[in-house]
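Below is one structure, written out as structure tokens, with a few remarks after it.
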Amino acid sequence: MIPQLQDPSPVSLDPYGWIVRLPDIDRDFWLDSVLSLQYPDFRDLEAWAEFRAISRRLADQHLTSEIRQCLKTFFGPVGCEYLIVENLPIDPHLPLVPLDGMRSSGKQGVSEAVIAGLIGDRAEIFSYANEKAGSPIHEVAPVPGLELSQSNAGRTPMVYHTDGAFLPARFRPKGLLLLGLLNVDTDTLIMPAAQLMDAASPDLLDALGQPWYRHMQPASFPGGAVPNPRPILWIGKRWHYPQVTTSSSSIEPINAAASDALSEFRRLCAHLTPIRITIQPGTALLFRNNRVLHGRNAVGGDRWLQRAYFADSLEPFRTATNADPLAFCFDTQSLLQWS
């Protein structure tokens, strides 16, 4: 059970995450300031950059100093694994939940402005051309016909994974932001890499730290090159914190030892108790993609979240793809060539 706060001061939920709540008065003023803000055609790079700049300015006006400090810490090099921000403004008149996984043309731009404002200039929002038509902000809702898929469009329980596991590390999201618009009964599950390391045997940790596993592309990224084998669980070289990477679709071990370790790793994940977070309307969950696994339970009722990927810098992406200086959307097949 996550504690509910009336005070914006952060509370530690566990060794890995914080929760903070925006006061009602700040939420209401923020909502008033973004109601007239028009969400742009994201293919217009200058319009998207202007929308982000305005959203950042308005967020800085209405976020409390405590929340801004929590965000600064989270986005820093050694911040916490996840952060929950409650009582955020969302669109007062939402359209029906999208059935095609794409944004409704009749939707206001409130939630998108909040997402862009929370990330601000602390990181860069980006997307992949192979997913959601390259939109920088994704609609996460069940899609009829895809109920059984291991994707954001499915309804079945989603296995623990990291996003972009099939890509080289510099082209994966550093983290994700999920903002709730509608959520009846679905929990998001978080499994920190440090929790996995504490529970794993030395032999298992050694095997998982070897580049023995091909993380294949999920259903939402069709086609493309076969990725190089990479480790699953290891200690980072620069900041020395536990890191984890696993695919949500299939992982192909390259030898018998890797196959045994992968089976044991899956048993370990099933045995451990995850952190369960119900992302309610107006709640944002931010987490580090390289330091936690995430998944979800089965989606029984209505569910509509919005998602954004972020990275410290997009220069590696732009350099690898020879992209425009304002580009934020990149083709994964081009990025895979740099494995």
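We name chains A, B, ... following the order of the structure tokens; residues begin at 1 in each chain, and ligands are numbered from 1 as shown.
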For the contact check between segment 67-130 of chain A and segment 166-184 of chain A, emit one row per residue of segment 67-130 of chain A within 12 Å, containing the shortest atom pair and the distance in Å rounded to one decimal, counting only C-alpha atoms, chain then rising number order, as JSON lines.
```
{"residue": "A:Leu71", "atom": "CA", "partner": "A:Leu177", "partner_atom": "CA", "distance": 11.8}
{"residue": "A:Phe74", "atom": "CA", "partner": "A:Gly175", "partner_atom": "CA", "distance": 10.2}
{"residue": "A:Phe75", "atom": "CA", "partner": "A:Gly175", "partner_atom": "CA", "distance": 9.0}
{"residue": "A:Gly76", "atom": "CA", "partner": "A:Lys174", "partner_atom": "CA", "distance": 11.2}
{"residue": "A:Pro77", "atom": "CA", "partner": "A:Lys174", "partner_atom": "CA", "distance": 10.5}
{"residue": "A:Gly79", "atom": "CA", "partner": "A:Gly175", "partner_atom": "CA", "distance": 11.8}
{"residue": "A:Cys80", "atom": "CA", "partner": "A:Gly175", "partner_atom": "CA", "distance": 11.7}
{"residue": "A:Glu81", "atom": "CA", "partner": "A:Gly175", "partner_atom": "CA", "distance": 9.5}
{"residue": "A:Tyr82", "atom": "CA", "partner": "A:Gly175", "partner_atom": "CA", "distance": 9.3}
{"residue": "A:Leu83", "atom": "CA", "partner": "A:Leu177", "partner_atom": "CA", "distance": 9.4}
{"residue": "A:Ile84", "atom": "CA", "partner": "A:Leu178", "partner_atom": "CA", "distance": 9.6}
{"residue": "A:Val85", "atom": "CA", "partner": "A:Leu179", "partner_atom": "CA", "distance": 9.3}
{"residue": "A:Glu86", "atom": "CA", "partner": "A:Leu179", "partner_atom": "CA", "distance": 9.7}
{"residue": "A:Asn87", "atom": "CA", "partner": "A:Gly180", "partner_atom": "CA", "distance": 10.4}
{"residue": "A:Leu88", "atom": "CA", "partner": "A:Leu179", "partner_atom": "CA", "distance": 9.0}
{"residue": "A:Pro89", "atom": "CA", "partner": "A:Leu181", "partner_atom": "CA", "distance": 9.9}
{"residue": "A:Ile90", "atom": "CA", "partner": "A:Leu181", "partner_atom": "CA", "distance": 7.0}
{"residue": "A:Asp91", "atom": "CA", "partner": "A:Leu181", "partner_atom": "CA", "distance": 8.3}
{"residue": "A:Pro92", "atom": "CA", "partner": "A:Leu181", "partner_atom": "CA", "distance": 10.2}
{"residue": "A:His93", "atom": "CA", "partner": "A:Leu181", "partner_atom": "CA", "distance": 10.7}
{"residue": "A:Leu94", "atom": "CA", "partner": "A:Leu181", "partner_atom": "CA", "distance": 8.2}
{"residue": "A:Pro95", "atom": "CA", "partner": "A:Leu181", "partner_atom": "CA", "distance": 10.6}
{"residue": "A:Leu96", "atom": "CA", "partner": "A:Leu182", "partner_atom": "CA", "distance": 10.2}
{"residue": "A:Val97", "atom": "CA", "partner": "A:Leu182", "partner_atom": "CA", "distance": 8.4}
{"residue": "A:Pro98", "atom": "CA", "partner": "A:Leu182", "partner_atom": "CA", "distance": 11.4}
{"residue": "A:Lys107", "atom": "CA", "partner": "A:Leu181", "partner_atom": "CA", "distance": 11.8}
{"residue": "A:Val110", "atom": "CA", "partner": "A:Leu181", "partner_atom": "CA", "distance": 10.8}
{"residue": "A:Ser111", "atom": "CA", "partner": "A:Leu179", "partner_atom": "CA", "distance": 7.7}
{"residue": "A:Glu112", "atom": "CA", "partner": "A:Leu179", "partner_atom": "CA", "distance": 9.2}
{"residue": "A:Ala113", "atom": "CA", "partner": "A:Leu179", "partner_atom": "CA", "distance": 11.3}
{"residue": "A:Val114", "atom": "CA", "partner": "A:Leu179", "partner_atom": "CA", "distance": 8.9}
{"residue": "A:Ile115", "atom": "CA", "partner": "A:Leu179", "partner_atom": "CA", "distance": 7.4}
{"residue": "A:Ala116", "atom": "CA", "partner": "A:Leu177", "partner_atom": "CA", "distance": 9.9}
{"residue": "A:Gly117", "atom": "CA", "partner": "A:Leu177", "partner_atom": "CA", "distance": 11.5}
{"residue": "A:Leu118", "atom": "CA", "partner": "A:Leu177", "partner_atom": "CA", "distance": 9.0}
{"residue": "A:Ile119", "atom": "CA", "partner": "A:Leu177", "partner_atom": "CA", "distance": 8.4}
{"residue": "A:Arg122", "atom": "CA", "partner": "A:Gly175", "partner_atom": "CA", "distance": 11.9}
{"residue": "A:Ala123", "atom": "CA", "partner": "A:Lys174", "partner_atom": "CA", "distance": 9.1}
{"residue": "A:Glu124", "atom": "CA", "partner": "A:Lys174", "partner_atom": "CA", "distance": 9.8}
{"residue": "A:Ile125", "atom": "CA", "partner": "A:Pro173", "partner_atom": "CA", "distance": 9.2}
{"residue": "A:Phe126", "atom": "CA", "partner": "A:Pro173", "partner_atom": "CA", "distance": 8.3}
{"residue": "A:Ser127", "atom": "CA", "partner": "A:Pro173", "partner_atom": "CA", "distance": 9.0}
{"residue": "A:Tyr128", "atom": "CA", "partner": "A:Phe171", "partner_atom": "CA", "distance": 10.0}
```
May I have the residues within 7 Å of segment 238-248 of chain A as a compact mmCIF listing (two decimals) with C-alpha atoms, in the first residue's frame, using only C-alpha atoms and disregarding those fewer than 4 positions away in the same chain?
```txt
# COMPACT_ATOMS: atom_id res chain seq x y z
CA GLN A 150 3.26 -8.84 -24.92
CA VAL A 159 6.45 -10.17 -18.20
CA TYR A 160 9.23 -8.23 -16.51
CA HIS A 161 11.33 -6.38 -19.06
CA THR A 162 13.24 -3.25 -19.97
CA ALA A 165 16.62 -4.18 -24.66
CA PHE A 166 17.44 -5.22 -28.22
CA ALA A 193 18.11 -4.61 -10.26
CA ALA A 194 19.54 -4.25 -6.75
CA HIS A 215 17.29 -9.73 -26.56
CA MET A 216 14.92 -9.97 -29.51
CA PRO A 218 9.13 -7.01 -29.32
CA ILE A 232 21.14 -9.38 -18.37
CA LEU A 233 22.29 -8.29 -14.88
CA TRP A 234 25.59 -6.57 -14.02
CA ASN A 290 18.44 0.45 -16.85
CA ARG A 291 17.94 -0.08 -13.12
CA VAL A 292 14.54 -1.73 -12.84
```
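Using only C-alpha atoms, the nearest neighbour of Leu31 of chain A within the list A:Pro274, A:His62, A:Ser104, A:Thr283 is A:His62.
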statement: Expressed in Å, the length from atom CA of Arg296 of chain A to atom CA of Leu208 of chain A is 23.3 Å
task: Would you mind writing down, as a ChimeraX atom specification, each residue of segment 10-164 of chain A that DSSP on the backbone assigns to alpha helix (DSSP H)?
output: /A:24-34,45-62,65-75,110-119
message: I'd like the neighbourhood of Gln61 of chain A as a list of chain:residue names, where a residue qualifies if any of its atoms comes within 12 Å (using only C-alpha atoms), though same-chain residues fewer than 4 positions away should be ignored.
response: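 Close residues of Gln61 of chain A: A:Asp26, A:Arg27, A:Phe29, A:Trp30, A:Leu31, A:Ser33, A:Val34, A:Ile54, A:Ser55, A:Arg56, A:Arg57, A:Ser65, A:Ile67, A:Arg68, A:Gly117, A:Leu118, A:Gly120.
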Would you export the selected residues with C-alpha atoms as a PDB file, in the first residue's frame, please?
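The resulting file, selection-v3.pdb, is reproduced below:
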```
ATOM      1  CA  ASP A  26      -0.795  24.363  -7.552  1.00  0.00           C
ATOM      2  CA  ARG A  27      -2.532  21.662  -9.595  1.00  0.00           C
ATOM      3  CA  PHE A  29      -3.330  26.926 -11.354  1.00  0.00           C
ATOM      4  CA  TRP A  30      -1.207  24.659 -13.563  1.00  0.00           C
ATOM      5  CA  LEU A  31      -4.325  23.282 -15.221  1.00  0.00           C
ATOM      6  CA  SER A  33      -2.324  27.775 -17.500  1.00  0.00           C
ATOM      7  CA  VAL A  34      -2.212  24.868 -19.974  1.00  0.00           C
ATOM      8  CA  ILE A  54       6.308  26.420 -23.047  1.00  0.00           C
ATOM      9  CA  SER A  55       5.394  23.289 -21.098  1.00  0.00           C
ATOM     10  CA  ARG A  56       8.711  23.421 -19.248  1.00  0.00           C
ATOM     11  CA  ARG A  57       8.221  27.073 -18.309  1.00  0.00           C
ATOM     12  CA  SER A  65      10.415  23.589  -4.889  1.00  0.00           C
ATOM     13  CA  ILE A  67       9.012  18.440  -6.253  1.00  0.00           C
ATOM     14  CA  ARG A  68      11.529  20.221  -8.482  1.00  0.00           C
ATOM     15  CA  GLY A 117       6.953  19.850 -18.125  1.00  0.00           C
ATOM     16  CA  LEU A 118       7.947  17.133 -15.672  1.00  0.00           C
ATOM     17  CA  GLY A 120      11.625  19.638 -18.706  1.00  0.00           C
TER      18      GLY A 120
END
```
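Take atom CA of Tyr16 of chain A and atom CA of Thr273 of chain A: the distance between them is 13.9 Å.
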- prompt: Can you tell me, as an NGL selection string, what residues are no more than 12 Å from segment 249-258 of chain A when counting only C-alpha atoms, ignoring any on the same chain fewer than 4 positions away?
  reply: :A and (149-151 or 158-166 or 203-222 or 226-232 or 245 or 262-266)
Those selected residues, please, written with C-alpha atoms and delivered as a PDB file, in the first residue's frame.
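Saved file out-v8.pdb follows:
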```pdb
ATOM      1  CA  SER A 149       0.299  -9.561 -27.178  1.00  0.00           C
ATOM      2  CA  GLN A 150       3.264  -8.838 -24.916  1.00  0.00           C
ATOM      3  CA  SER A 151       3.005  -5.116 -25.611  1.00  0.00           C
ATOM      4  CA  MET A 158       3.197  -8.488 -19.162  1.00  0.00           C
ATOM      5  CA  VAL A 159       6.452 -10.174 -18.200  1.00  0.00           C
ATOM      6  CA  TYR A 160       9.232  -8.229 -16.511  1.00  0.00           C
ATOM      7  CA  HIS A 161      11.333  -6.383 -19.065  1.00  0.00           C
ATOM      8  CA  THR A 162      13.237  -3.245 -19.965  1.00  0.00           C
ATOM      9  CA  ASP A 163      12.283  -1.166 -23.000  1.00  0.00           C
ATOM     10  CA  GLY A 164      14.648  -1.182 -25.971  1.00  0.00           C
ATOM     11  CA  ALA A 165      16.620  -4.175 -24.660  1.00  0.00           C
ATOM     12  CA  PHE A 166      17.442  -5.223 -28.216  1.00  0.00           C
ATOM     13  CA  ASP A 203      27.153 -18.313  -9.811  1.00  0.00           C
ATOM     14  CA  LEU A 204      23.929 -16.942 -11.262  1.00  0.00           C
ATOM     15  CA  LEU A 205      25.222 -13.367 -11.114  1.00  0.00           C
ATOM     16  CA  ASP A 206      28.377 -14.416 -12.936  1.00  0.00           C
ATOM     17  CA  ALA A 207      26.390 -16.102 -15.715  1.00  0.00           C
ATOM     18  CA  LEU A 208      23.895 -13.248 -16.073  1.00  0.00           C
ATOM     19  CA  GLY A 209      26.756 -10.761 -16.353  1.00  0.00           C
ATOM     20  CA  GLN A 210      28.155 -12.472 -19.454  1.00  0.00           C
ATOM     21  CA  PRO A 211      27.240 -11.289 -23.004  1.00  0.00           C
ATOM     22  CA  TRP A 212      25.373 -14.523 -23.673  1.00  0.00           C
ATOM     23  CA  TYR A 213      21.805 -13.350 -24.381  1.00  0.00           C
ATOM     24  CA  ARG A 214      20.163 -12.014 -27.541  1.00  0.00           C
ATOM     25  CA  HIS A 215      17.286  -9.734 -26.563  1.00  0.00           C
ATOM     26  CA  MET A 216      14.921  -9.967 -29.505  1.00  0.00           C
ATOM     27  CA  GLN A 217      12.669  -7.186 -30.747  1.00  0.00           C
ATOM     28  CA  PRO A 218       9.128  -7.013 -29.319  1.00  0.00           C
ATOM     29  CA  ALA A 219       6.014  -7.196 -31.467  1.00  0.00           C
ATOM     30  CA  SER A 220       5.741  -3.406 -31.604  1.00  0.00           C
ATOM     31  CA  PHE A 221       9.095  -3.226 -33.462  1.00  0.00           C
ATOM     32  CA  PRO A 222       8.610  -5.520 -36.470  1.00  0.00           C
ATOM     33  CA  VAL A 226      19.379  -9.650 -35.226  1.00  0.00           C
ATOM     34  CA  PRO A 227      20.866  -7.924 -32.161  1.00  0.00           C
ATOM     35  CA  ASN A 228      24.247  -8.819 -30.707  1.00  0.00           C
ATOM     36  CA  PRO A 229      24.254 -10.892 -27.476  1.00  0.00           C
ATOM     37  CA  ARG A 230      24.412  -8.859 -24.260  1.00  0.00           C
ATOM     38  CA  PRO A 231      24.297  -9.472 -20.495  1.00  0.00           C
ATOM     39  CA  ILE A 232      21.144  -9.380 -18.366  1.00  0.00           C
ATOM     40  CA  THR A 245      18.256  -5.481 -19.349  1.00  0.00           C
ATOM     41  CA  LEU A 262      18.072 -17.679 -17.975  1.00  0.00           C
ATOM     42  CA  SER A 263      15.726 -20.332 -16.592  1.00  0.00           C
ATOM     43  CA  GLU A 264      17.009 -19.715 -13.067  1.00  0.00           C
ATOM     44  CA  PHE A 265      16.692 -15.952 -13.538  1.00  0.00           C
ATOM     45  CA  ARG A 266      13.044 -16.329 -14.558  1.00  0.00           C
TER      46      ARG A 266
END
```
As a tab-separated table (two decimals) with N, CA and C atoms, in the first residue's frame, please: all residues of segment 74-242 of chain A that backbone DSSP puts in strand (DSSP E).
```tsv
chain	number	residue	atom	x	y	z
A	82	TYR	N	13.00	5.01	-8.83
A	82	TYR	CA	11.72	5.49	-9.36
A	82	TYR	C	11.17	6.61	-8.49
A	83	LEU	N	10.25	7.36	-9.08
A	83	LEU	CA	9.65	8.51	-8.42
A	83	LEU	C	8.17	8.55	-8.81
A	84	ILE	N	7.30	8.77	-7.83
A	84	ILE	CA	5.87	8.91	-8.07
A	84	ILE	C	5.47	10.34	-7.73
A	85	VAL	N	4.79	11.00	-8.68
A	85	VAL	CA	4.28	12.36	-8.45
A	85	VAL	C	2.76	12.29	-8.58
A	86	GLU	N	2.06	12.62	-7.51
A	86	GLU	CA	0.60	12.53	-7.47
A	86	GLU	C	-0.06	13.89	-7.63
A	124	GLU	N	15.86	14.57	-22.35
A	124	GLU	CA	15.29	14.77	-23.69
A	124	GLU	C	14.25	13.69	-23.97
A	125	ILE	N	13.06	14.11	-24.39
A	125	ILE	CA	12.04	13.16	-24.83
A	125	ILE	C	12.39	12.68	-26.23
A	126	PHE	N	12.25	11.38	-26.47
A	126	PHE	CA	12.51	10.87	-27.82
A	126	PHE	C	11.59	9.70	-28.12
A	127	SER	N	11.60	9.27	-29.39
A	127	SER	CA	10.76	8.16	-29.81
A	127	SER	C	11.47	7.37	-30.89
A	128	TYR	N	10.87	6.23	-31.21
A	128	TYR	CA	11.37	5.39	-32.30
A	128	TYR	C	10.36	5.44	-33.45
A	138	HIS	N	3.21	8.43	-26.09
A	138	HIS	CA	2.49	7.23	-26.51
A	138	HIS	C	1.21	7.03	-25.73
A	139	GLU	N	0.18	6.55	-26.42
A	139	GLU	CA	-1.05	6.12	-25.77
A	139	GLU	C	-0.89	4.65	-25.38
A	140	VAL	N	-1.04	4.35	-24.12
A	140	VAL	CA	-0.91	2.98	-23.61
A	140	VAL	C	-2.29	2.52	-23.20
A	158	MET	N	1.99	-8.75	-18.38
A	158	MET	CA	3.20	-8.49	-19.16
A	158	MET	C	4.42	-8.87	-18.33
A	159	VAL	N	5.29	-9.68	-18.92
A	159	VAL	CA	6.45	-10.17	-18.20
A	159	VAL	C	7.40	-9.02	-17.88
A	160	TYR	N	8.24	-9.24	-16.86
A	160	TYR	CA	9.23	-8.23	-16.51
A	160	TYR	C	10.18	-7.99	-17.70
A	161	HIS	N	10.49	-6.72	-17.93
A	161	HIS	CA	11.33	-6.38	-19.06
A	161	HIS	C	11.89	-4.98	-18.90
A	175	GLY	N	15.09	6.24	-19.20
A	175	GLY	CA	13.96	6.02	-18.32
A	175	GLY	C	12.64	6.25	-19.03
A	176	LEU	N	11.56	5.98	-18.31
A	176	LEU	CA	10.22	6.14	-18.81
A	176	LEU	C	9.41	6.97	-17.84
A	177	LEU	N	8.44	7.69	-18.38
A	177	LEU	CA	7.43	8.37	-17.58
A	177	LEU	C	6.08	7.84	-18.01
A	178	LEU	N	5.29	7.38	-17.05
A	178	LEU	CA	3.92	6.92	-17.29
A	178	LEU	C	2.97	7.82	-16.52
A	179	LEU	N	2.01	8.41	-17.22
A	179	LEU	CA	1.02	9.29	-16.59
A	179	LEU	C	-0.36	8.66	-16.73
A	180	GLY	N	-1.09	8.57	-15.62
A	180	GLY	CA	-2.40	7.95	-15.63
A	180	GLY	C	-3.49	8.90	-16.10
A	181	LEU	N	-4.32	8.42	-17.03
A	181	LEU	CA	-5.53	9.13	-17.45
A	181	LEU	C	-6.78	8.38	-17.00
A	182	LEU	N	-6.72	7.04	-17.07
A	182	LEU	CA	-7.81	6.18	-16.64
A	182	LEU	C	-7.22	4.82	-16.31
A	183	ASN	N	-7.55	4.28	-15.14
A	183	ASN	CA	-6.98	2.99	-14.75
A	183	ASN	C	-7.88	2.37	-13.70
A	188	THR	N	1.12	-1.56	-12.15
A	188	THR	CA	2.44	-1.63	-12.78
A	188	THR	C	3.39	-2.25	-11.75
A	189	LEU	N	4.21	-3.19	-12.19
A	189	LEU	CA	5.10	-3.93	-11.30
A	189	LEU	C	6.53	-3.48	-11.54
A	190	ILE	N	7.26	-3.22	-10.47
A	190	ILE	CA	8.65	-2.75	-10.52
A	190	ILE	C	9.53	-3.75	-9.77
A	191	MET	N	10.63	-4.15	-10.41
A	191	MET	CA	11.59	-5.06	-9.78
A	191	MET	C	12.99	-4.45	-9.93
A	192	PRO	N	13.52	-3.80	-8.89
A	192	PRO	CA	14.83	-3.16	-9.00
A	192	PRO	C	15.96	-4.17	-9.23
A	213	TYR	N	23.25	-13.36	-24.19
A	213	TYR	CA	21.81	-13.35	-24.38
A	213	TYR	C	21.42	-12.37	-25.49
A	214	ARG	N	20.71	-12.88	-26.49
A	214	ARG	CA	20.16	-12.01	-27.54
A	214	ARG	C	18.75	-11.58	-27.12
A	215	HIS	N	18.58	-10.29	-26.94
A	215	HIS	CA	17.29	-9.73	-26.56
A	215	HIS	C	16.56	-9.35	-27.85
A	233	LEU	N	22.19	-8.93	-16.19
A	233	LEU	CA	22.29	-8.29	-14.88
A	233	LEU	C	23.76	-8.10	-14.55
A	234	TRP	N	24.18	-6.85	-14.25
A	234	TRP	CA	25.59	-6.57	-14.02
A	234	TRP	C	25.75	-5.26	-13.26
A	235	ILE	N	26.97	-4.97	-12.84
A	235	ILE	CA	27.30	-3.72	-12.15
A	235	ILE	C	27.86	-2.74	-13.18
A	242	PRO	N	23.77	-1.46	-9.76
A	242	PRO	CA	23.27	-2.62	-10.51
A	242	PRO	C	22.46	-2.17	-11.73
```
field: Residues within 12 Å of Asp44 of chain A, only C-alpha atoms, excluding chain neighbours under 6 positions, as a ChimeraX atom specification
entry: /A:50-51,135-136,324,326-329
Residue with smallest distance to Val78 of chain A - pool A:Lys132, A:Arg303, A:Arg288, A:Arg155, counting only C-alpha atoms: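 Checking each of A:Lys132, A:Arg303, A:Arg288, A:Arg155 against Val78 of chain A, counting only C-alpha atoms, the winner is A:Arg288.
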Computed interatomic separation between atom CA of Gly282 of chain A and atom CA of Leu314 of chain A (Å):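 These two atoms are separated by 28.1 Å.
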